[in-house]
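Have a look at upload28.txt; it's compact mmCIF, C-alpha atoms:
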```
# COMPACT_ATOMS: atom_id res chain seq x y z
CA MET A 50 -18.71 79.82 21.29
CA LYS A 51 -22.36 80.66 22.00
CA PRO A 52 -24.59 78.00 23.56
CA SER A 53 -27.07 76.42 21.17
CA ASN A 54 -29.92 77.11 23.61
CA PRO A 55 -29.21 80.45 25.34
CA THR A 56 -32.64 80.60 27.02
CA GLY A 57 -32.03 77.36 28.90
CA ARG A 58 -35.49 76.08 27.96
CA ALA A 59 -36.11 72.54 26.80
CA SER A 60 -36.90 72.06 23.13
CA LEU A 61 -40.35 71.00 21.96
CA GLY A 62 -39.05 67.57 20.95
CA LEU A 63 -37.59 66.97 24.40
CA LYS A 64 -40.86 68.04 26.07
CA ILE A 65 -42.84 65.64 23.87
CA ALA A 66 -40.39 62.80 24.62
CA VAL A 67 -40.63 63.43 28.38
CA GLY A 68 -44.42 63.53 28.15
CA LEU A 69 -44.52 60.20 26.31
CA VAL A 70 -42.21 58.59 28.88
CA LEU A 71 -44.38 59.84 31.76
CA LEU A 72 -47.51 58.59 29.99
CA PHE A 73 -45.88 55.17 29.48
CA LEU A 74 -44.92 54.97 33.17
CA HIS A 75 -48.30 56.05 34.54
CA PHE A 76 -50.67 54.51 31.99
CA PRO A 77 -50.99 51.22 33.99
CA LEU A 78 -52.03 53.23 37.06
CA LEU A 79 -54.68 55.03 35.03
CA ILE A 80 -56.03 51.68 33.81
CA ILE A 81 -56.26 50.39 37.40
CA ILE A 82 -58.13 53.52 38.48
CA LEU A 83 -60.49 53.30 35.51
CA TYR A 84 -61.37 49.63 35.96
CA ALA A 85 -61.83 50.01 39.71
CA PHE A 86 -65.15 51.67 38.84
CA THR A 87 -66.32 49.55 35.91
CA THR A 88 -69.84 48.11 36.06
CA GLU A 89 -68.77 44.66 34.82
CA GLU A 90 -67.06 42.04 36.98
CA ALA A 91 -64.73 40.05 34.74
CA SER A 92 -64.75 42.10 31.52
CA PHE A 93 -62.00 44.48 30.46
CA ARG A 94 -63.68 46.06 27.46
CA PHE A 95 -62.46 49.48 26.51
CA PRO A 96 -64.03 51.85 27.09
CA PRO A 97 -65.85 50.36 30.11
CA PRO A 98 -69.60 49.96 29.56
CA GLY A 99 -70.29 52.13 32.61
CA LEU A 100 -68.93 53.41 35.89
CA THR A 101 -70.02 52.60 39.43
CA THR A 102 -68.81 52.88 43.02
CA ARG A 103 -70.31 49.49 43.91
CA TRP A 104 -66.93 47.81 44.28
CA VAL A 105 -65.81 50.28 46.94
CA GLY A 106 -68.73 49.18 49.11
CA GLU A 107 -67.95 45.51 48.51
CA LEU A 108 -64.32 46.02 49.47
CA VAL A 109 -65.26 47.88 52.65
CA ASN A 110 -67.35 44.89 53.72
CA ARG A 111 -64.51 42.40 53.21
CA ALA A 112 -62.99 41.37 56.56
CA ASP A 113 -59.97 39.79 54.86
CA PHE A 114 -59.14 43.14 53.25
CA TRP A 115 -59.19 44.97 56.59
CA ASN A 116 -57.04 42.27 58.19
CA ALA A 117 -54.46 42.60 55.42
CA LEU A 118 -54.57 46.41 55.53
CA SER A 119 -54.14 46.56 59.31
CA LEU A 120 -51.21 44.13 59.13
CA SER A 121 -49.51 46.22 56.41
CA LEU A 122 -49.99 49.45 58.36
CA ALA A 123 -48.69 47.90 61.59
CA VAL A 124 -45.64 46.39 59.90
CA ALA A 125 -44.86 49.63 58.05
CA ALA A 126 -45.20 51.71 61.24
CA VAL A 127 -42.93 49.46 63.32
CA ALA A 128 -40.38 48.93 60.53
CA THR A 129 -40.22 52.69 59.87
CA THR A 130 -39.71 53.45 63.57
CA LEU A 131 -36.89 50.92 63.84
CA ALA A 132 -35.36 52.18 60.60
CA ILE A 133 -35.37 55.78 61.87
CA VAL A 134 -33.63 54.81 65.11
CA LEU A 135 -31.09 52.39 63.62
CA GLY A 136 -30.51 54.41 60.44
CA THR A 137 -29.81 57.58 62.44
CA LEU A 138 -27.41 55.78 64.79
CA LEU A 139 -25.56 54.21 61.85
CA ALA A 140 -25.32 57.52 60.01
CA GLY A 141 -24.01 59.25 63.14
CA ALA A 142 -21.43 56.54 63.79
CA ILE A 143 -20.14 56.50 60.22
CA TYR A 144 -20.12 60.31 59.97
CA ARG A 145 -18.33 60.92 63.28
CA GLY A 146 -16.10 57.86 63.38
CA ASN A 147 -12.92 57.02 61.48
CA PHE A 148 -12.42 53.34 62.16
CA PHE A 149 -11.23 50.25 60.35
CA GLY A 150 -13.98 48.71 58.18
CA ARG A 151 -15.96 51.94 57.88
CA ASP A 152 -16.41 51.60 54.10
CA ALA A 153 -17.29 47.91 54.44
CA LEU A 154 -19.98 48.79 57.01
CA THR A 155 -21.42 51.39 54.64
CA LEU A 156 -21.62 48.76 51.90
CA LEU A 157 -23.34 46.29 54.23
CA VAL A 158 -25.93 48.91 55.18
CA ILE A 159 -26.80 49.67 51.55
CA LEU A 160 -26.59 46.06 50.32
CA PRO A 161 -30.17 44.91 51.20
CA ILE A 162 -31.74 47.48 48.88
CA ALA A 163 -29.06 47.09 46.19
CA LEU A 164 -29.53 43.32 45.93
CA PRO A 165 -32.54 41.83 44.11
CA GLY A 166 -35.46 41.37 46.50
CA ILE A 167 -35.55 37.63 45.93
CA VAL A 168 -31.94 37.30 47.13
CA THR A 169 -32.70 39.28 50.28
CA GLY A 170 -35.91 37.29 50.83
CA ILE A 171 -34.23 33.88 50.47
CA SER A 172 -31.39 34.95 52.77
CA LEU A 173 -33.78 36.15 55.45
CA ARG A 174 -35.94 33.03 55.21
CA SER A 175 -32.88 30.79 55.57
CA ALA A 176 -31.62 32.75 58.57
CA ILE A 177 -35.05 32.72 60.26
CA SER A 178 -35.47 28.99 59.62
CA LEU A 179 -32.13 28.31 61.31
CA THR A 180 -33.35 30.01 64.50
CA ASP A 181 -36.59 27.94 64.68
CA MET A 182 -38.32 31.24 65.44
CA GLY A 183 -41.30 30.67 63.18
CA PHE A 184 -42.77 33.19 60.79
CA THR A 185 -44.70 35.87 62.65
CA PHE A 186 -45.44 39.59 62.56
CA TRP A 187 -41.90 40.25 63.77
CA THR A 188 -40.22 38.30 60.98
CA ILE A 189 -41.99 40.56 58.47
CA VAL A 190 -40.83 43.60 60.44
CA ILE A 191 -37.23 42.33 60.44
CA GLY A 192 -37.36 41.78 56.70
CA HIS A 193 -38.74 45.25 56.01
CA THR A 194 -36.40 47.01 58.43
CA THR A 195 -33.34 45.68 56.58
CA PHE A 196 -34.09 47.77 53.50
CA CYS A 197 -35.99 50.62 55.20
CA ILE A 198 -32.82 51.50 57.14
CA VAL A 199 -31.16 52.41 53.85
CA THR A 200 -33.56 55.25 53.01
CA VAL A 201 -33.19 56.81 56.46
CA TYR A 202 -29.42 56.29 56.49
CA ASN A 203 -28.94 57.91 53.07
CA ASN A 204 -31.01 60.97 53.99
CA VAL A 205 -29.39 61.47 57.40
CA ILE A 206 -25.79 60.94 56.25
CA ALA A 207 -26.33 63.41 53.39
CA ARG A 208 -27.64 66.02 55.82
CA LEU A 209 -24.86 65.43 58.34
CA ARG A 210 -22.26 65.96 55.63
CA ARG A 211 -23.83 69.36 54.95
CA THR A 212 -23.82 70.27 58.66
CA ALA A 213 -20.73 72.05 59.96
CA ARG A 214 -18.86 70.08 62.62
CA SER A 215 -18.04 73.37 64.31
CA GLN A 216 -21.65 73.63 65.53
CA MET A 217 -21.36 70.39 67.48
CA GLU A 218 -17.88 71.23 68.71
CA ALA A 219 -19.05 74.65 69.91
CA SER A 220 -21.97 73.05 71.75
CA MET A 221 -19.64 70.64 73.56
CA ASP A 222 -17.15 73.44 74.35
CA LEU A 223 -19.97 75.43 75.96
CA GLY A 224 -20.65 72.57 78.38
CA ALA A 225 -23.50 70.73 76.66
CA SER A 226 -23.65 66.99 77.14
CA THR A 227 -23.75 64.56 74.20
CA PHE A 228 -27.51 64.20 74.56
CA GLN A 229 -28.02 67.98 74.74
CA THR A 230 -25.87 68.50 71.66
CA PHE A 231 -27.90 65.92 69.78
CA ARG A 232 -31.22 67.39 70.95
CA TYR A 233 -30.53 71.08 70.39
CA VAL A 234 -27.99 71.06 67.53
CA VAL A 235 -28.00 67.82 65.56
CA LEU A 236 -31.70 66.91 65.68
CA PRO A 237 -33.00 70.28 64.38
CA ASN A 238 -30.56 70.02 61.47
CA ILE A 239 -31.55 66.49 60.47
CA ALA A 240 -35.28 66.70 61.33
CA THR A 241 -36.54 67.13 57.76
CA ALA A 242 -34.10 64.46 56.52
CA LEU A 243 -35.49 62.08 59.14
CA LEU A 244 -39.05 62.86 58.11
CA ALA A 245 -38.29 62.40 54.41
CA GLY A 246 -36.43 59.14 55.05
CA GLY A 247 -39.23 57.91 57.30
CA MET A 248 -41.88 58.68 54.69
CA LEU A 249 -39.94 56.83 52.02
CA ALA A 250 -39.35 53.91 54.37
CA PHE A 251 -43.07 53.70 55.17
CA ALA A 252 -43.96 53.71 51.47
CA LEU A 253 -41.39 51.01 50.69
CA SER A 254 -42.58 48.82 53.54
CA PHE A 255 -46.29 49.23 52.80
CA ASP A 256 -46.09 47.99 49.21
CA GLU A 257 -43.31 45.40 49.59
CA VAL A 258 -44.14 41.99 48.07
CA ILE A 259 -41.04 39.88 47.36
CA VAL A 260 -39.29 40.01 50.75
CA THR A 261 -42.66 39.72 52.52
CA THR A 262 -43.47 36.54 50.60
CA PHE A 263 -40.44 34.84 52.14
CA THR A 264 -40.89 36.17 55.69
CA ALA A 265 -44.67 36.24 56.21
CA GLY A 266 -45.46 32.55 56.47
CA GLN A 267 -49.27 32.19 56.33
CA GLN A 268 -49.93 35.89 56.99
CA GLN A 269 -51.12 38.23 54.28
CA THR A 270 -50.16 41.86 54.01
CA LEU A 271 -52.21 44.00 51.64
CA PRO A 272 -49.89 43.60 48.60
CA ILE A 273 -49.85 39.81 49.07
CA TRP A 274 -53.64 39.83 49.46
CA ILE A 275 -53.94 41.74 46.18
CA LEU A 276 -51.59 39.25 44.50
CA SER A 277 -53.72 36.32 45.67
CA GLN A 278 -56.88 38.05 44.40
CA LEU A 279 -55.55 38.21 40.83
CA THR A 280 -56.41 34.51 40.37
CA ARG A 281 -60.10 35.34 40.87
CA PRO A 282 -61.39 37.08 37.72
CA ARG A 283 -64.73 38.09 39.25
CA ASP A 284 -62.92 39.92 42.05
CA ARG A 285 -60.81 42.03 39.68
CA PRO A 286 -62.73 45.32 40.24
CA VAL A 287 -62.53 44.82 44.02
CA THR A 288 -58.82 44.14 43.67
CA ASN A 289 -58.37 47.31 41.64
CA VAL A 290 -60.08 49.33 44.36
CA ALA A 291 -57.70 47.79 46.92
CA ALA A 292 -54.82 48.77 44.64
CA LEU A 293 -55.99 52.37 44.91
CA PHE A 294 -55.37 52.17 48.67
CA VAL A 295 -51.81 51.02 47.99
CA ILE A 296 -51.26 53.79 45.43
CA ALA A 297 -52.52 56.44 47.87
CA ALA A 298 -50.59 55.01 50.84
CA THR A 299 -47.33 55.08 48.86
CA PHE A 300 -47.85 58.20 46.74
CA ILE A 301 -48.69 60.53 49.63
CA PRO A 302 -45.58 59.72 51.77
CA ILE A 303 -43.33 59.93 48.70
CA LEU A 304 -44.83 63.32 47.79
CA ILE A 305 -44.29 64.59 51.34
CA ALA A 306 -40.69 63.32 51.31
CA TYR A 307 -40.11 65.01 47.94
CA ARG A 308 -41.45 68.32 49.23
CA PHE A 309 -39.18 68.25 52.28
CA THR A 310 -36.07 67.31 50.29
CA GLN A 311 -36.83 70.04 47.75
CA LYS A 312 -37.13 72.67 50.48
CA THR A 313 -33.76 71.73 51.96
CA GLY A 314 -31.96 71.14 48.65
CA GLU A 315 -31.14 67.47 49.32
```
With the file now loaded, output its structure as structure tokens.
Amino acid sequence: MKPSNPTGRASLGLKIAVGLVLLFLHFPLLIIILYAFTTEEASFRFPPPGLTTRWVGELVNRADFWNALSLSLAVAAVATTLAIVLGTLLAGAIYRGNFFGRDALTLLVILPIALPGIVTGISLRSAISLTDMGFTFWTIVIGHTTFCIVTVYNNVIARLRRTARSQMEASMDLGASTFQTFRYVVLPNIATALLAGGMLAFALSFDEVIVTTFTAGQQQTLPIWILSQLTRPRDRPVTNVAALFVIAATFIPILIAYRFTQKTGE
């Protein structure tokens, strides 16, 4: 029986359907970009009466914006670093080991990102409250690290499963120590997976809202700052400009991660 589409090309109807789905998904982003440069403060007339870069200047002069942005960048950087270290160690342990509870440990690692964010946020807030630790920069980092580990773990474990064990065994047979084997054999094989996982972790941490709401206390990361600004209609264009920073800070790492995973066939 001959295939109905021997060329392997998508039909025109399928291409149109995919285009409409992509337009539906990205149309809100286009609206945000458009109204970040509107000349009016509280109006959302379409099309906008005019375009201006005035709101970019106003945002740049807002100290509260820079405080929120610096906090988000610091939290994302620390959470990503911790996720890379812990996620790699977990992936190595689960890949190399064959111990009781291995599958249960895998489930526990993936659970924070599989559960709704509000469940994770409430759980973390309850646990932090029990310790009387107070809500600080580090409580936000802890909250973000719990789900950032998953992206690093998934990338590294997938790469390790595609790496021949014989390479590590040969390195050890030739007299290399565990650290030397990791440095010269394992690390070069998982380097792009680590970079892709780290980029995704950074993007997830930078634009996280729900878990941050429960672990930040009185602090404001950039997404929470944007959320608070939505109650001020005259600040909408400034808020839209701030949203562009979030879009760029998440889109660029995700694009880099996609490029690296495409090159290695992950």
Fill in: Between CA of Thr288 (chain A) and CA of Leu108 (chain A) - distance in Å to one decimal
8.2 Å
Practice prompt. In the coordinates of the file, take the point (-61.4, 48.6, 51.6) and a cut-off of 8 Å; then, counting all atoms listed in the file, name each qualifying protein, DNA or RNA residue as a list in words.
Written response: Val105, Gly106, Glu107, Leu108, Val109, Asn110, Arg111, Phe114, Trp115, Val290, Ala291 and Phe294 of chain A
Please report as JSON lines every residue of region 108-202 of chain A lying within 12 Å of region 226-244 of chain A, along with the nearest atom pair and their distance in Å (one decimal), using all atoms listed in the file.
```
{"residue": "A:Thr129", "atom": "CA", "partner": "A:Leu244", "partner_atom": "CA", "distance": 10.4}
{"residue": "A:Thr130", "atom": "CA", "partner": "A:Leu243", "partner_atom": "CA", "distance": 10.6}
{"residue": "A:Ala132", "atom": "CA", "partner": "A:Leu243", "partner_atom": "CA", "distance": 10.0}
{"residue": "A:Ile133", "atom": "CA", "partner": "A:Leu243", "partner_atom": "CA", "distance": 6.9}
{"residue": "A:Val134", "atom": "CA", "partner": "A:Leu243", "partner_atom": "CA", "distance": 9.6}
{"residue": "A:Leu135", "atom": "CA", "partner": "A:Leu243", "partner_atom": "CA", "distance": 11.5}
{"residue": "A:Gly136", "atom": "CA", "partner": "A:Leu243", "partner_atom": "CA", "distance": 9.2}
{"residue": "A:Thr137", "atom": "CA", "partner": "A:Leu243", "partner_atom": "CA", "distance": 8.0}
{"residue": "A:Leu138", "atom": "CA", "partner": "A:Phe231", "partner_atom": "CA", "distance": 11.3}
{"residue": "A:Ala140", "atom": "CA", "partner": "A:Ile239", "partner_atom": "CA", "distance": 10.9}
{"residue": "A:Gly141", "atom": "CA", "partner": "A:Val235", "partner_atom": "CA", "distance": 9.8}
{"residue": "A:Ile198", "atom": "CA", "partner": "A:Leu243", "partner_atom": "CA", "distance": 11.1}
{"residue": "A:Val199", "atom": "CA", "partner": "A:Leu243", "partner_atom": "CA", "distance": 11.8}
{"residue": "A:Thr200", "atom": "CA", "partner": "A:Leu243", "partner_atom": "CA", "distance": 9.4}
{"residue": "A:Val201", "atom": "CA", "partner": "A:Leu243", "partner_atom": "CA", "distance": 6.3}
{"residue": "A:Tyr202", "atom": "CA", "partner": "A:Leu243", "partner_atom": "CA", "distance": 8.8}
```
Could you give me, as a Markdown table, every region 157-248 of chain A residue with an atom at most 7 Å from region 264-282 of chain A, plus its closest atom pair and distance in Å to one decimal, counting all atoms listed in the file, rows ordered by chain then number?
```
| residue | atom | partner | partner_atom | distance |
| --- | --- | --- | --- | --- |
| A:Arg174 | CA | A:Thr264 | CA | 5.9 |
| A:Phe184 | CA | A:Gly266 | CA | 5.1 |
| A:Thr185 | CA | A:Ala265 | CA | 6.5 |
| A:Thr188 | CA | A:Thr264 | CA | 5.7 |
| A:Ile189 | CA | A:Thr264 | CA | 5.3 |
| A:Gly192 | CA | A:Thr264 | CA | 6.7 |
```
Fill in: Among listed residues A:Ala207, A:Val190, A:Val260, A:Ala225, nearest Val124 (chain A) (using only C-alpha atoms)
A:Val190
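Put simply, CA of Leu179 (chain A) is 22.2 Å away from CA of Ala128 (chain A).
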Worksheet item: Which is closest to Leu122 (chain A) among A:Ser215, A:Thr194, A:Asn204, A:Ser254, if we use all atoms listed in the file?
Response: A:Ser254
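Counting all atoms listed in the file, the residue from A:Leu63, A:Val287, A:Ile303, A:Ile159 that sits nearest to Gly246 (chain A) is A:Ile303.
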Worksheet item: Mind pulling up the distance from CA of Leu223 (chain A) to CA of Ala142 (chain A)?
Response: 22.5 Å
Find the smallest box with edges along x, y and z containing every listed atom of region 177-187 of chain A, then add 3 Å on each side and report centre and edge lengths in Å to one decimal, as AutoDock Vina command-line options.
```
--center_x -38.8 --center_y 34.1 --center_z 62.5 --size_x 19.3 --size_y 18.3 --size_z 11.8
```
